[in-house]
file upload_35.cif (mmCIF, C-alpha atoms)
data_target
#
loop_
_atom_site.label_atom_id
_atom_site.label_comp_id
_atom_site.auth_asym_id
_atom_site.auth_seq_id
_atom_site.Cartn_x
_atom_site.Cartn_y
_atom_site.Cartn_z
CA MET A 1 -33.76 60.43 9.61
CA ARG A 2 -31.28 62.99 10.95
CA ILE A 3 -29.43 62.74 14.26
CA VAL A 4 -28.60 66.04 15.96
CA LEU A 5 -25.95 65.79 18.69
CA VAL A 6 -25.68 68.60 21.24
CA HIS A 7 -22.64 68.55 23.53
CA GLY A 8 -22.13 69.90 27.03
CA ARG A 9 -19.22 71.79 28.57
CA LYS A 10 -15.43 71.52 28.19
CA GLN A 11 -15.47 71.30 24.38
CA ALA A 12 -13.45 74.41 23.57
CA ARG A 13 -10.70 74.33 20.94
CA LYS A 14 -11.94 71.00 19.61
CA ILE A 15 -12.20 69.99 15.96
CA PRO A 16 -15.96 69.60 15.37
CA LEU A 17 -15.59 66.83 12.77
CA ASN A 18 -13.47 64.77 15.16
CA GLU A 19 -15.98 65.29 17.97
CA LYS A 20 -18.83 64.32 15.66
CA ARG A 21 -17.10 61.05 14.77
CA ALA A 22 -16.35 60.38 18.44
CA TRP A 23 -20.02 60.85 19.31
CA ILE A 24 -21.12 58.55 16.47
CA ASP A 25 -18.73 55.92 17.83
CA MET A 26 -20.19 56.36 21.32
CA VAL A 27 -23.76 56.01 20.03
CA GLU A 28 -22.92 52.90 18.03
CA GLN A 29 -20.97 51.38 20.93
CA GLY A 30 -23.92 51.99 23.26
CA LEU A 31 -26.26 50.26 20.82
CA ARG A 32 -23.89 47.29 20.32
CA HIS A 33 -23.36 47.03 24.08
CA ASN A 34 -27.10 46.34 24.37
CA GLY A 35 -27.31 43.94 21.44
CA TYR A 36 -28.46 46.32 18.70
CA SER A 37 -26.48 46.20 15.48
CA VAL A 38 -26.96 49.60 13.86
CA THR A 39 -24.59 51.33 11.48
CA ILE A 40 -25.07 55.10 11.37
CA ASN A 41 -24.37 57.00 8.16
CA GLU A 42 -22.17 59.96 9.07
CA ASN A 43 -23.97 62.08 6.46
CA ASP A 44 -27.16 61.74 8.50
CA VAL A 45 -25.57 63.23 11.61
CA ARG A 46 -25.09 66.87 12.56
CA PHE A 47 -22.91 67.90 15.50
CA ALA A 48 -24.07 71.21 16.97
CA TYR A 49 -20.74 72.69 18.05
CA TYR A 50 -20.57 75.82 20.22
CA GLY A 51 -17.54 75.02 22.38
CA ASN A 52 -15.58 78.08 21.31
CA ALA A 53 -18.53 80.33 22.12
CA LEU A 54 -18.48 78.95 25.66
CA GLU A 55 -14.74 79.52 25.88
CA SER A 56 -15.00 83.13 24.74
CA GLN A 57 -17.64 83.75 27.42
CA ALA A 58 -15.53 82.31 30.21
CA ARG A 59 -13.23 84.43 32.37
CA GLY A 60 -9.54 83.63 32.66
CA LEU A 61 -7.89 82.39 35.82
CA PRO A 62 -4.43 83.27 37.18
CA GLU A 63 -1.78 80.57 37.31
CA SER A 64 -1.04 81.15 41.01
CA GLU A 65 -3.28 80.59 44.02
CA VAL A 66 -5.43 78.11 42.14
CA ILE A 67 -7.32 75.31 43.87
CA VAL A 68 -8.03 72.20 41.82
CA LEU A 69 -11.04 70.08 42.71
CA ASN A 70 -11.45 66.42 41.87
CA ASP A 71 -12.43 66.69 38.23
CA GLY A 72 -9.58 69.01 37.30
CA GLU A 73 -11.69 72.16 37.09
CA VAL A 74 -10.16 75.14 38.87
CA LEU A 75 -11.40 77.77 41.27
CA SER A 76 -9.27 80.72 42.25
CA ASP A 77 -9.13 83.42 44.92
CA GLU A 78 -9.21 85.84 41.99
CA THR A 79 -12.53 84.52 40.69
CA VAL A 80 -15.00 87.37 41.19
CA VAL A 81 -18.66 86.58 40.59
CA PRO A 82 -21.03 89.49 39.81
CA PRO A 83 -23.76 90.02 42.45
CA ASP A 84 -26.70 88.82 40.31
CA GLU A 85 -24.78 85.72 39.31
CA GLU A 86 -23.84 85.10 42.94
CA GLU A 87 -27.52 84.98 43.88
CA PHE A 88 -28.23 82.51 41.08
CA ALA A 89 -25.26 80.28 41.93
CA ILE A 90 -26.20 80.20 45.62
CA ALA A 91 -29.80 79.25 44.73
CA VAL A 92 -28.54 76.38 42.52
CA LEU A 93 -26.19 75.10 45.23
CA LYS A 94 -28.97 75.20 47.83
CA ASP A 95 -31.18 73.11 45.52
CA VAL A 96 -28.35 70.60 45.05
CA ALA A 97 -27.69 70.47 48.80
CA ASP A 98 -31.36 69.70 49.42
CA GLU A 99 -31.26 66.85 46.89
CA LEU A 100 -28.10 65.46 48.51
CA GLY A 101 -29.59 65.72 52.00
CA VAL A 102 -26.96 68.26 53.09
CA ASP A 103 -27.99 70.95 55.58
CA TYR A 104 -26.68 74.04 53.79
CA ARG A 105 -27.73 76.34 56.65
CA ILE A 106 -24.42 75.75 58.40
CA ALA A 107 -22.73 77.46 55.44
CA LEU A 108 -24.87 80.56 55.98
CA ALA A 109 -23.89 81.09 59.62
CA PRO A 110 -21.73 84.20 60.17
CA ASP A 111 -19.12 82.15 62.07
CA ALA A 112 -19.01 79.27 59.58
CA GLU A 113 -15.45 78.14 58.91
CA PHE A 114 -14.38 76.34 55.75
CA GLY A 115 -11.13 76.10 53.87
CA GLU A 116 -10.24 78.74 51.31
CA LEU A 117 -11.92 78.06 48.01
CA GLY A 118 -11.85 81.19 45.89
CA PHE A 119 -14.57 83.83 45.58
CA ARG A 120 -13.00 86.51 47.70
CA ASN A 121 -16.14 88.61 47.29
CA ASN A 122 -18.65 86.07 48.60
CA PRO A 123 -17.88 83.83 51.60
CA ILE A 124 -21.32 82.16 51.43
CA LEU A 125 -20.68 80.93 47.90
CA ARG A 126 -17.25 79.70 48.98
CA ARG A 127 -18.68 77.92 52.03
CA LEU A 128 -21.47 76.25 50.07
CA LEU A 129 -19.03 74.89 47.51
CA GLN A 130 -16.67 73.69 50.20
CA LEU A 131 -19.51 72.07 52.14
CA LEU A 132 -20.79 70.19 49.09
CA ASN A 133 -17.29 69.20 48.03
CA GLU A 134 -16.57 67.75 51.50
CA HIS A 135 -19.87 65.88 51.50
CA ALA A 136 -19.51 64.46 47.99
CA PRO A 137 -15.87 64.81 46.86
CA THR A 138 -16.26 62.60 43.77
CA LEU A 139 -19.32 64.29 42.28
CA GLY A 140 -17.67 67.09 40.34
CA ILE A 141 -18.80 70.07 42.40
CA ALA A 142 -16.51 72.41 40.47
CA SER A 143 -18.05 71.24 37.20
CA LEU A 144 -21.47 72.04 38.65
CA PHE A 145 -20.31 75.55 39.50
CA TRP A 146 -18.91 76.25 36.04
CA ALA A 147 -22.00 74.75 34.40
CA THR A 148 -24.08 77.07 36.58
CA ARG A 149 -22.12 80.06 35.30
CA ASP A 150 -22.66 78.93 31.70
CA VAL A 151 -26.40 78.55 32.28
CA TYR A 152 -26.57 81.98 33.89
CA ALA A 153 -24.80 83.59 30.95
CA TYR A 154 -27.06 81.73 28.55
CA ALA A 155 -30.21 82.80 30.39
CA THR A 156 -29.26 86.47 30.78
CA ASP A 157 -27.18 87.36 27.70
CA PRO A 158 -29.32 87.43 24.53
CA GLU A 159 -26.33 87.52 22.18
CA PHE A 160 -24.68 84.57 23.90
CA GLN A 161 -27.95 82.65 23.72
CA ARG A 162 -28.30 83.52 20.03
CA ARG A 163 -24.84 82.12 19.27
CA LEU A 164 -25.52 78.83 21.04
CA ASP A 165 -29.06 78.45 19.69
CA ALA A 166 -27.81 79.06 16.15
CA ALA A 167 -25.48 76.06 16.40
CA VAL A 168 -28.44 73.79 17.16
CA ALA A 169 -30.90 75.44 14.77
CA THR A 170 -28.57 75.11 11.79
CA ALA A 171 -28.10 71.41 12.59
CA MET A 172 -31.84 70.72 12.41
CA SER A 173 -33.59 69.58 9.23
CA ALA A 174 -36.95 70.92 8.07
CA ASP A 175 -37.26 68.16 5.47
CA ASP A 176 -36.56 65.12 7.64
CA SER A 177 -37.21 63.88 11.17
CA ASN A 178 -34.63 64.83 13.80
CA ILE A 179 -33.48 62.66 16.69
CA VAL A 180 -32.01 65.17 19.15
CA VAL A 181 -29.49 63.83 21.69
CA ALA A 182 -28.36 66.46 24.20
CA HIS A 183 -25.94 66.10 27.10
CA SER A 184 -25.72 68.28 30.20
CA LEU A 185 -25.74 72.02 29.32
CA GLY A 186 -26.62 70.94 25.77
CA SER A 187 -30.09 69.94 27.01
CA VAL A 188 -30.76 73.54 28.08
CA VAL A 189 -29.61 74.88 24.71
CA ALA A 190 -31.50 72.21 22.73
CA LEU A 191 -34.77 72.79 24.60
CA SER A 192 -34.54 76.55 24.19
CA THR A 193 -33.79 76.19 20.48
CA LEU A 194 -36.69 73.78 19.88
CA LEU A 195 -39.10 76.14 21.61
CA ALA A 196 -37.80 79.29 19.93
CA GLY A 197 -37.90 77.66 16.50
CA GLU A 198 -41.53 76.55 16.64
CA SER A 199 -42.82 79.77 15.11
CA GLN A 200 -40.35 79.63 12.20
CA HIS A 201 -39.69 75.95 11.48
CA ASN A 202 -41.78 72.85 11.04
CA TRP A 203 -39.36 70.54 12.81
CA SER A 204 -40.30 66.94 13.55
CA VAL A 205 -38.56 65.32 16.54
CA PRO A 206 -39.57 61.70 17.19
CA LEU A 207 -37.12 61.52 20.11
CA PHE A 208 -35.66 64.23 22.33
CA LEU A 209 -33.09 62.47 24.52
CA THR A 210 -31.61 64.47 27.40
CA LEU A 211 -28.68 62.94 29.31
CA GLY A 212 -27.42 64.29 32.64
CA SER A 213 -29.58 67.39 32.27
CA PRO A 214 -29.58 70.23 34.83
CA LEU A 215 -33.09 71.29 33.74
CA GLY A 216 -34.59 69.73 36.87
CA VAL A 217 -32.84 72.25 39.16
CA THR A 218 -35.47 74.82 40.14
CA ALA A 219 -33.11 77.78 40.06
CA ILE A 220 -32.04 76.80 36.54
CA HIS A 221 -35.35 76.06 34.85
CA ASP A 222 -36.95 79.14 36.45
CA ARG A 223 -34.39 81.30 34.65
CA LEU A 224 -35.38 80.10 31.18
CA ARG A 225 -37.35 82.59 29.11
CA ASN A 226 -39.56 79.88 27.65
CA ARG A 227 -40.37 76.62 29.41
CA ARG A 228 -42.78 73.95 28.21
CA TYR A 229 -42.91 70.66 26.32
CA PRO A 230 -41.93 71.37 22.69
CA ARG A 231 -44.79 70.77 20.25
CA SER A 232 -42.34 69.27 17.73
CA VAL A 233 -41.29 66.48 20.13
CA ALA A 234 -43.14 63.15 20.05
CA ARG A 235 -41.15 61.57 22.88
CA TRP A 236 -38.94 63.18 25.52
CA LEU A 237 -36.78 60.76 27.50
CA ASN A 238 -34.73 62.28 30.31
CA ALA A 239 -32.07 59.87 31.56
CA PHE A 240 -29.92 60.55 34.61
CA ASP A 241 -27.87 58.89 37.31
CA GLU A 242 -29.04 59.90 40.79
CA ARG A 243 -25.37 60.27 41.75
CA ASP A 244 -24.79 62.83 38.97
CA VAL A 245 -24.64 66.17 40.79
CA VAL A 246 -25.55 68.06 37.59
CA SER A 247 -28.83 66.15 37.19
CA LEU A 248 -29.94 65.00 40.62
CA THR A 249 -33.55 66.07 40.06
CA PRO A 250 -36.07 64.54 37.64
CA LEU A 251 -37.95 66.84 35.27
CA ASP A 252 -41.39 67.70 36.61
CA ASP A 253 -44.23 67.80 34.08
CA SER A 254 -45.67 70.86 35.84
CA ASP A 255 -42.54 72.78 34.90
CA PHE A 256 -42.83 71.77 31.24
CA PRO A 257 -46.55 71.82 30.44
CA PRO A 258 -48.53 70.05 29.20
CA GLY A 259 -46.15 67.30 30.36
CA GLY A 260 -45.35 63.80 29.18
CA ILE A 261 -41.63 63.64 29.99
CA GLU A 262 -40.28 60.15 30.71
CA ASN A 263 -37.76 60.29 33.54
CA HIS A 264 -35.32 57.38 33.67
CA HIS A 265 -33.42 57.68 36.95
CA GLN A 266 -31.92 54.20 37.13
CA VAL A 267 -28.88 54.88 34.96
CA GLN A 268 -25.65 53.48 36.40
CA ASN A 269 -23.13 55.90 34.95
CA THR A 270 -19.70 54.45 35.76
CA SER A 271 -17.63 57.54 34.94
CA ASP A 272 -15.78 59.17 37.85
CA ASP A 273 -18.38 61.92 38.30
CA HIS A 274 -21.30 59.80 37.01
CA HIS A 275 -21.83 62.38 34.26
CA GLY A 276 -19.95 60.99 31.24
CA VAL A 277 -21.89 60.97 27.96
CA ALA A 278 -20.39 57.68 26.75
CA GLU A 279 -21.59 55.93 29.89
CA TYR A 280 -25.07 57.44 29.54
CA LEU A 281 -25.29 56.12 25.98
CA GLN A 282 -24.56 52.58 27.20
CA ASP A 283 -27.64 52.48 29.39
CA PRO A 284 -30.18 49.84 28.19
CA VAL A 285 -33.21 52.17 28.28
CA VAL A 286 -31.31 54.89 26.41
CA ALA A 287 -30.08 52.40 23.80
CA LYS A 288 -33.57 50.95 23.31
CA ALA A 289 -35.08 54.41 22.81
CA LEU A 290 -32.41 55.28 20.26
CA PHE A 291 -32.87 51.99 18.42
CA GLU A 292 -36.63 52.49 18.20
CA ALA A 293 -36.23 56.03 16.89
CA LEU A 294 -33.46 55.15 14.44
CA THR A 295 -35.37 52.23 12.96
CA ASN A 296 -38.65 54.16 13.06
CA LYS A 297 -40.50 51.37 14.85
CA ALA A 298 -41.41 50.30 18.33
CA PHE A 299 -39.21 47.47 19.53
CA GLY A 300 -40.80 44.55 21.28
CA GLY A 301 -38.71 41.47 20.57
CA SER A 302 -35.07 40.54 20.34
CA PRO A 303 -32.45 43.07 19.23
CA SER A 304 -32.08 43.35 15.49
CA ALA A 305 -29.31 41.35 13.92
CA ASP A 306 -28.38 44.06 11.48
CA ASN A 307 -29.84 47.48 10.77
CA LYS A 308 -28.02 49.90 8.50
CA LEU A 309 -29.12 53.52 8.41
#

call {"tool": "encode", "arguments": {"input": "upload_35.cif", "output": "structure tokens"}}
result
Amino acid sequence: MRIVLVHGRKQARKIPLNEKRAWIDMVEQGLRHNGYSVTINENDVRFAYYGNALESQARGLPESEVIVLNDGEVLSDETVVPPDEEEFAIAVLKDVADELGVDYRIALAPDAEFGELGFRNNPILRRLLQLLNEHAPTLGIASLFWATRDVYAYATDPEFQRRLDAAVATAMSADDSNIVVAHSLGSVVALSTLLAGESQHNWSVPLFLTLGSPLGVTAIHDRLRNRRYPRSVARWLNAFDERDVVSLTPLDDSDFPPGGIENHHQVQNTSDDHHGVAEYLQDPVVAKALFEALTNKAFGGSPSADNKL
């Protein structure tokens, strides 16, 4: 059994081996937290690292006139968003506003007044971000914006997509089953890779676990070139905290035919923005699904006393 770990954003300039070990620790801690004693063999784990590819795609920001939102991400008056990307970002933010119960129409009014928040070329984008940030200041609105830009680049730049997909594809095994655990943006990359690889690889995925995924946002999943339930996946569990602004919306089977996705929306992610991967891995339903997949059996009784993999 192989475990394929697919990270989200903010992983640039990291040492992949260190990140892999940190993720293994988080998985094991989540299992132990829920009473499962499982030791994971590091040789059975692959960490699909593409953090530097994300960094090279990003645009730099000046050191002056920078506004810092709650999670430490920055937006600047010098941040210029291309017109097509503006339209996409605005569509994503409208979807998020609807899920939060925020009337975004006040941000579209010509006389709408909000504090300065970058984007000198698009006041609507600035107003939407400011409106959402005022409504939900702890939810990581800036992270949502930068994740939106990453998804847009991924969906519209074939070379960028190829680089990210390659990181996941090379981590997969054709000779063994693959448990795929993907967080945030990583769920978009993992899904795309699984679908693209079906014509070339005979992958077997007993569990596809998506954590804090933005795939439920209409503007995001509509941008994907290929969108359905991967034939290689036996079980797709999508876990999210309803306070996580990146993954407010469950995945609809109609968007990923023929369907069969299990949405688990009762996660209580205790990180500041309710999006942390370590906290997602401590959820009981997530831990149970991982235990069942790792031990290759359905679990119906008490947690195992000791399982070494």

call {"tool": "atom_distance", "arguments": {"input": "upload_35.cif", "atom1": "atom CA of Val168 of chain A", "atom2": "atom CA of Glu42 of chain A"}}
result
17.2 Å

call {"tool": "atom_distance", "arguments": {"input": "upload_35.cif", "atom1": "atom CA of Leu17 of chain A", "atom2": "atom CA of Phe145 of chain A"}}
result
28.5 Å

call {"tool": "resolve_selection", "arguments": {"input": "upload_35.cif", "expression": "the PyMOL selection byres ((chain A and resi 99-108) around 8)", "output": "PyMOL selection string"}}
result
chain A and resi 94-98+109-110+112+124+127-128+131-132+135+248-249

call {"tool": "atom_distance", "arguments": {"input": "upload_35.cif", "atom1": "atom CA of Phe240 of chain A", "atom2": "atom CA of Gly212 of chain A"}}
result
4.9 Å

call {"tool": "closest_residue", "arguments": {"input": "upload_35.cif", "among": "A:Tyr229, A:Val267, A:Val27, A:Asp241", "to": "Ser254 of chain A", "atoms": "only C-alpha atoms"}}
result
A:Tyr229

call {"tool": "closest_residue", "arguments": {"input": "upload_35.cif", "among": "A:Leu185, A:Ala278, A:Ala89, A:Leu31", "to": "Glu292 of chain A", "atoms": "all atoms listed in the file"}}
result
A:Leu31

call {"tool": "resolve_selection", "arguments": {"input": "upload_35.cif", "expression": "the PyMOL selection byres ((chain A and resi 206) around 12)", "output": "number ranges by chain"}}
result
A: 1-4, 176-181, 203-205, 207-209, 230-237, 289-298

call {"tool": "residues_near_point", "arguments": {"input": "upload_35.cif", "point": "(-25.9, 55.1, 9.2)", "cutoff": "10 Å", "atoms": "all atoms listed in the file", "output": "number ranges by chain"}}
result
A: 1-3, 24, 28, 38-45, 294, 307-309

call {"tool": "closest_residue", "arguments": {"input": "upload_35.cif", "among": "A:Gly35, A:Arg21, A:Gln161, A:Gly8", "to": "Lys288 of chain A", "atoms": "all atoms listed in the file"}}
result
A:Gly35

call {"tool": "residues_around", "arguments": {"input": "upload_35.cif", "residues": "Gly276 of chain A", "least_positions_apart": "6", "cutoff": "10 Å", "atoms": "only C-alpha atoms", "output": "list in words"}}
result
His183, Ser184, Leu211, Gly212, Asp244, Asn269 and Thr270 of chain A

call {"tool": "residues_around", "arguments": {"input": "upload_35.cif", "residues": "segment 245-247 of chain A", "least_positions_apart": "3", "cutoff": "8 Å", "atoms": "only C-alpha atoms", "output": "PDB file with C-alpha atoms, keeping the file's coordinate frame"}}
result
ATOM      1  CA  VAL A  96     -28.350  70.600  45.050  1.00  0.00           C
ATOM      2  CA  LEU A 139     -19.320  64.290  42.280  1.00  0.00           C
ATOM      3  CA  GLY A 140     -17.670  67.090  40.340  1.00  0.00           C
ATOM      4  CA  ILE A 141     -18.800  70.070  42.400  1.00  0.00           C
ATOM      5  CA  LEU A 144     -21.470  72.040  38.650  1.00  0.00           C
ATOM      6  CA  SER A 184     -25.720  68.280  30.200  1.00  0.00           C
ATOM      7  CA  GLY A 212     -27.420  64.290  32.640  1.00  0.00           C
ATOM      8  CA  SER A 213     -29.580  67.390  32.270  1.00  0.00           C
ATOM      9  CA  PRO A 214     -29.580  70.230  34.830  1.00  0.00           C
ATOM     10  CA  LEU A 215     -33.090  71.290  33.740  1.00  0.00           C
ATOM     11  CA  GLY A 216     -34.590  69.730  36.870  1.00  0.00           C
ATOM     12  CA  VAL A 217     -32.840  72.250  39.160  1.00  0.00           C
ATOM     13  CA  PHE A 240     -29.920  60.550  34.610  1.00  0.00           C
ATOM     14  CA  ASP A 241     -27.870  58.890  37.310  1.00  0.00           C
ATOM     15  CA  GLU A 242     -29.040  59.900  40.790  1.00  0.00           C
ATOM     16  CA  PRO A 250     -36.070  64.540  37.640  1.00  0.00           C
ATOM     17  CA  ASP A 273     -18.380  61.920  38.300  1.00  0.00           C
ATOM     18  CA  HIS A 275     -21.830  62.380  34.260  1.00  0.00           C
TER      19      HIS A 275
END

call {"tool": "resolve_selection", "arguments": {"input": "upload_35.cif", "expression": "the PyMOL selection byres ((chain A and resi 87) around 12)", "output": "tab-separated table (two decimals) with C-alpha atoms, keeping the file's coordinate frame"}}
result
chain	number	residue	atom	x	y	z
A	81	VAL	CA	-18.66	86.58	40.59
A	82	PRO	CA	-21.03	89.49	39.81
A	83	PRO	CA	-23.76	90.02	42.45
A	84	ASP	CA	-26.70	88.82	40.31
A	85	GLU	CA	-24.78	85.72	39.31
A	86	GLU	CA	-23.84	85.10	42.94
A	88	PHE	CA	-28.23	82.51	41.08
A	89	ALA	CA	-25.26	80.28	41.93
A	90	ILE	CA	-26.20	80.20	45.62
A	91	ALA	CA	-29.80	79.25	44.73
A	92	VAL	CA	-28.54	76.38	42.52
A	93	LEU	CA	-26.19	75.10	45.23
A	94	LYS	CA	-28.97	75.20	47.83
A	122	ASN	CA	-18.65	86.07	48.60
A	124	ILE	CA	-21.32	82.16	51.43
A	125	LEU	CA	-20.68	80.93	47.90
A	148	THR	CA	-24.08	77.07	36.58
A	149	ARG	CA	-22.12	80.06	35.30
A	152	TYR	CA	-26.57	81.98	33.89
A	219	ALA	CA	-33.11	77.78	40.06
A	220	ILE	CA	-32.04	76.80	36.54
